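Asks: Shown below is the structure under consideration.
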Amino acid sequence: MNGTVLKIDNENLIGKTGYYLSLFGTVIILLWIGIFKFTPTEANAIKPLVENHFLTFFVYDIVSIQAVSDTIGVIEIIIALLLLFSVKFASLRKYAATGMIITFLITLSYLFTTPRLWKTVDGILITDFFIVKDIMLLGFGLMILNLKK
């Protein structure tokens, strides 16, 4: 397949710049959202997602709403730090990428497991757009998992 194959190396300044913008952008998003998970507002906001998911429906029977949110926040912060430190330590990249892929697959699956997440506005089907961003972040995780260096 010949389409848009991007080789990221020292000779491809634009590709390298795009890679690092994606990397640092993902780190910022994960840190920001991870830190926000420690607030009661976010803990309550994610409750319908977590309690309606086939992998996580039971967790509120075991721990509190805030403890679940805090745990998710810690996971997101760890993934962000792994990704950030992978700039210096390439061996961390596969762990960051794996964490990203798992996190974003689960988050995207909320689109299909949470009732009333989809709605029609002015004749257009929409959802909570904060989840849709994870399609791009999943793609970036798959991309960095595939990097050889």
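Within each chain, counting starts at residue 1; across the structure tokens, chains are named A, B, ... in the order shown, with ligands numbered 1 upward in that order.
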Find the residues near Ala96 in chain A: any atom within 9 Å, counting only C-alpha atoms, skip ones fewer than 3 places away on the same chain, and give them as a PyMOL selection string.
Replies: chain A and resi 78-84+86+92-93+99-101+141+144-145
Asks: Write the residues you've just listed into a file as a PDB file, in the first residue's frame, and include N, CA, C and O atoms for each of them.
Replies:
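again.pdb was written with the following content:
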```pdb
ATOM      1  N   ILE A  78      -0.316   8.002  35.210  1.00  0.00           N
ATOM      2  CA  ILE A  78       0.813   7.072  34.988  1.00  0.00           C
ATOM      3  C   ILE A  78       1.088   6.918  33.498  1.00  0.00           C
ATOM      4  O   ILE A  78       2.247   6.953  33.064  1.00  0.00           O
ATOM      5  N   ILE A  79       0.036   6.746  32.702  1.00  0.00           N
ATOM      6  CA  ILE A  79       0.223   6.615  31.251  1.00  0.00           C
ATOM      7  C   ILE A  79       0.853   7.890  30.685  1.00  0.00           C
ATOM      8  O   ILE A  79       1.763   7.824  29.859  1.00  0.00           O
ATOM      9  N   ALA A  80       0.385   9.044  31.150  1.00  0.00           N
ATOM     10  CA  ALA A  80       0.954  10.318  30.684  1.00  0.00           C
ATOM     11  C   ALA A  80       2.440  10.410  31.021  1.00  0.00           C
ATOM     12  O   ALA A  80       3.255  10.823  30.178  1.00  0.00           O
ATOM     13  N   LEU A  81       2.805  10.026  32.226  1.00  0.00           N
ATOM     14  CA  LEU A  81       4.215  10.088  32.629  1.00  0.00           C
ATOM     15  C   LEU A  81       5.067   9.082  31.861  1.00  0.00           C
ATOM     16  O   LEU A  81       6.206   9.389  31.473  1.00  0.00           O
ATOM     17  N   LEU A  82       4.539   7.885  31.635  1.00  0.00           N
ATOM     18  CA  LEU A  82       5.266   6.906  30.817  1.00  0.00           C
ATOM     19  C   LEU A  82       5.516   7.465  29.421  1.00  0.00           C
ATOM     20  O   LEU A  82       6.621   7.347  28.881  1.00  0.00           O
ATOM     21  N   LEU A  83       4.490   8.077  28.854  1.00  0.00           N
ATOM     22  CA  LEU A  83       4.621   8.656  27.522  1.00  0.00           C
ATOM     23  C   LEU A  83       5.635   9.797  27.529  1.00  0.00           C
ATOM     24  O   LEU A  83       6.495   9.884  26.647  1.00  0.00           O
ATOM     25  N   LEU A  84       5.562  10.651  28.528  1.00  0.00           N
ATOM     26  CA  LEU A  84       6.501  11.778  28.625  1.00  0.00           C
ATOM     27  C   LEU A  84       7.943  11.285  28.762  1.00  0.00           C
ATOM     28  O   LEU A  84       8.839  11.742  28.052  1.00  0.00           O
ATOM     29  N   SER A  86       9.109   8.497  27.879  1.00  0.00           N
ATOM     30  CA  SER A  86       9.534   7.709  26.724  1.00  0.00           C
ATOM     31  C   SER A  86      10.332   8.549  25.731  1.00  0.00           C
ATOM     32  O   SER A  86      11.022   7.995  24.882  1.00  0.00           O
ATOM     33  N   LEU A  92      10.160   2.731  27.509  1.00  0.00           N
ATOM     34  CA  LEU A  92       8.870   3.003  28.150  1.00  0.00           C
ATOM     35  C   LEU A  92       7.737   3.175  27.147  1.00  0.00           C
ATOM     36  O   LEU A  92       6.563   3.103  27.511  1.00  0.00           O
ATOM     37  N   ARG A  93       8.097   3.401  25.898  1.00  0.00           N
ATOM     38  CA  ARG A  93       7.101   3.702  24.867  1.00  0.00           C
ATOM     39  C   ARG A  93       6.067   2.581  24.715  1.00  0.00           C
ATOM     40  O   ARG A  93       4.877   2.847  24.607  1.00  0.00           O
ATOM     41  N   GLY A  99      -0.922   1.080  27.463  1.00  0.00           N
ATOM     42  CA  GLY A  99      -1.856   1.728  28.377  1.00  0.00           C
ATOM     43  C   GLY A  99      -2.827   2.634  27.643  1.00  0.00           C
ATOM     44  O   GLY A  99      -4.032   2.654  27.945  1.00  0.00           O
ATOM     45  N   MET A 100      -2.315   3.382  26.665  1.00  0.00           N
ATOM     46  CA  MET A 100      -3.178   4.254  25.867  1.00  0.00           C
ATOM     47  C   MET A 100      -4.212   3.444  25.102  1.00  0.00           C
ATOM     48  O   MET A 100      -5.398   3.785  25.093  1.00  0.00           O
ATOM     49  N   ILE A 101      -3.773   2.391  24.474  1.00  0.00           N
ATOM     50  CA  ILE A 101      -4.673   1.577  23.650  1.00  0.00           C
ATOM     51  C   ILE A 101      -5.791   0.980  24.507  1.00  0.00           C
ATOM     52  O   ILE A 101      -6.970   1.068  24.162  1.00  0.00           O
ATOM     53  N   GLY A 141      -1.698   5.963  19.917  1.00  0.00           N
ATOM     54  CA  GLY A 141      -1.155   4.846  20.694  1.00  0.00           C
ATOM     55  C   GLY A 141      -0.724   3.688  19.807  1.00  0.00           C
ATOM     56  O   GLY A 141       0.337   3.095  19.988  1.00  0.00           O
ATOM     57  N   ILE A 144       2.582   4.726  17.975  1.00  0.00           N
ATOM     58  CA  ILE A 144       3.837   4.659  18.731  1.00  0.00           C
ATOM     59  C   ILE A 144       4.177   3.234  19.139  1.00  0.00           C
ATOM     60  O   ILE A 144       5.350   2.909  19.316  1.00  0.00           O
ATOM     61  N   LEU A 145       3.175   2.378  19.275  1.00  0.00           N
ATOM     62  CA  LEU A 145       3.472   0.975  19.549  1.00  0.00           C
ATOM     63  C   LEU A 145       4.224   0.350  18.389  1.00  0.00           C
ATOM     64  O   LEU A 145       5.051  -0.535  18.571  1.00  0.00           O
TER      65      LEU A 145
END
```
Asks: Taking the backbone alone, and naming residues the way the document does, which bits of chain A are strand (DSSP E or B) by DSSP, as a list in words?
Replies: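 Checking each residue of chain A, the strand (DSSP E or B) ones are Lys119, Thr120, Val121, Ile124, Leu125 and Ile126 of chain A.
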Asks: Save out the residues we just selected, C-alpha atoms, as a PDB file, in the first residue's frame.
Replies:
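What follows is the written file out02.pdb:
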```
ATOM      1  CA  LYS A 119     -28.938  12.286  21.093  1.00  0.00           C
ATOM      2  CA  THR A 120     -30.278  14.180  18.112  1.00  0.00           C
ATOM      3  CA  VAL A 121     -29.712  17.941  18.001  1.00  0.00           C
ATOM      4  CA  ILE A 124     -27.867  15.600  13.656  1.00  0.00           C
ATOM      5  CA  LEU A 125     -26.922  12.574  15.763  1.00  0.00           C
ATOM      6  CA  ILE A 126     -24.324  13.630  18.341  1.00  0.00           C
TER       7      ILE A 126
END
```
Asks: For Ile102 in chain A, which of A:Leu138, A:Leu31, A:Leu49, A:Arg116 is the closest residue, counting only C-alpha atoms?
Replies: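 Looking at the shortest contact to Ile102 in chain A, the residue is A:Leu138.
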Asks: For Thr26 in chain A, please output as a list of chain:residue names all residues within 9 Å (counting only C-alpha atoms; exclusion window: fewer than 2 positions along the same chain).
Replies: A:Leu21, A:Ser22, A:Leu23, A:Phe24, A:Ile28, A:Ile29, A:Leu30, A:Leu31, A:Ala80, A:Leu83, A:Leu137, A:Phe140
Asks: Kindly export the residues of the current selection with N, CA and C atoms, as a PDB file, in the first residue's frame.
Replies:
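What ended up in again_14.pdb:
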```pdb
ATOM      1  N   LEU A  21       4.439  16.947  18.774  1.00  0.00           N
ATOM      2  CA  LEU A  21       3.223  17.696  19.106  1.00  0.00           C
ATOM      3  C   LEU A  21       2.128  16.735  19.554  1.00  0.00           C
ATOM      4  N   SER A  22       1.990  15.615  18.851  1.00  0.00           N
ATOM      5  CA  SER A  22       1.006  14.604  19.239  1.00  0.00           C
ATOM      6  C   SER A  22       1.344  14.012  20.598  1.00  0.00           C
ATOM      7  N   LEU A  23       2.610  13.720  20.820  1.00  0.00           N
ATOM      8  CA  LEU A  23       3.041  13.132  22.075  1.00  0.00           C
ATOM      9  C   LEU A  23       2.780  14.082  23.239  1.00  0.00           C
ATOM     10  N   PHE A  24       3.256  15.317  23.135  1.00  0.00           N
ATOM     11  CA  PHE A  24       3.078  16.260  24.240  1.00  0.00           C
ATOM     12  C   PHE A  24       1.614  16.671  24.393  1.00  0.00           C
ATOM     13  N   ILE A  28      -0.497  16.173  27.836  1.00  0.00           N
ATOM     14  CA  ILE A  28      -1.274  17.241  28.475  1.00  0.00           C
ATOM     15  C   ILE A  28      -2.718  16.807  28.693  1.00  0.00           C
ATOM     16  N   ILE A  29      -3.321  16.209  27.679  1.00  0.00           N
ATOM     17  CA  ILE A  29      -4.711  15.757  27.801  1.00  0.00           C
ATOM     18  C   ILE A  29      -4.844  14.717  28.912  1.00  0.00           C
ATOM     19  N   LEU A  30      -3.959  13.724  28.927  1.00  0.00           N
ATOM     20  CA  LEU A  30      -4.039  12.686  29.949  1.00  0.00           C
ATOM     21  C   LEU A  30      -3.793  13.236  31.353  1.00  0.00           C
ATOM     22  N   LEU A  31      -2.815  14.127  31.497  1.00  0.00           N
ATOM     23  CA  LEU A  31      -2.561  14.725  32.812  1.00  0.00           C
ATOM     24  C   LEU A  31      -3.751  15.560  33.274  1.00  0.00           C
ATOM     25  N   ALA A  80       0.385   9.044  31.150  1.00  0.00           N
ATOM     26  CA  ALA A  80       0.954  10.318  30.684  1.00  0.00           C
ATOM     27  C   ALA A  80       2.440  10.410  31.021  1.00  0.00           C
ATOM     28  N   LEU A  83       4.490   8.077  28.854  1.00  0.00           N
ATOM     29  CA  LEU A  83       4.621   8.656  27.522  1.00  0.00           C
ATOM     30  C   LEU A  83       5.635   9.797  27.529  1.00  0.00           C
ATOM     31  N   LEU A 137      -6.596   9.603  19.802  1.00  0.00           N
ATOM     32  CA  LEU A 137      -5.607   9.188  20.787  1.00  0.00           C
ATOM     33  C   LEU A 137      -5.321   7.687  20.688  1.00  0.00           C
ATOM     34  N   PHE A 140      -2.947   7.312  17.812  1.00  0.00           N
ATOM     35  CA  PHE A 140      -1.583   7.689  18.194  1.00  0.00           C
ATOM     36  C   PHE A 140      -0.934   6.588  19.012  1.00  0.00           C
TER      37      PHE A 140
END
```
Asks: Quick one, how far is CA of Ile106 in chain A from CA of Pro40 in chain A?
Replies: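 Separating CA of Ile106 in chain A from CA of Pro40 in chain A is a distance of 21.6 Å.
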Asks: Could you check how far CA of Thr114 in chain A sits from CA of Met143 in chain A, in Å to one decimal?
Replies: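 One can read the CA of Thr114 in chain A to CA of Met143 in chain A distance as 28.1 Å.
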Asks: Assign secondary structure with DSSP using the backbone only, and return the residues of chain A in alpha helix (DSSP H) as a count of residues only.
Replies: 96
Asks: Can you pull out every residue within 12 Å of range 53-58 of chain A, counting only C-alpha atoms, but drop anything in the same chain fewer than 5 positions away, and send it as a list in words?
Replies: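 The residues satisfying every condition are Ile46, Lys47, Pro48, Val63, Ser64, Ile65, Val68, Ser69, Ile72, Leu105, Ile106, Thr107, Leu108, Ser109, Tyr110, Leu111, Phe112, Thr113, Thr114 and Pro115 of chain A.
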Asks: What separation in Å, quoted to one decimal, exists between CA of Lys16 in chain A and CA of Glu76 in chain A?
Replies: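 Between CA of Lys16 in chain A and CA of Glu76 in chain A the gap is 24.5 Å.
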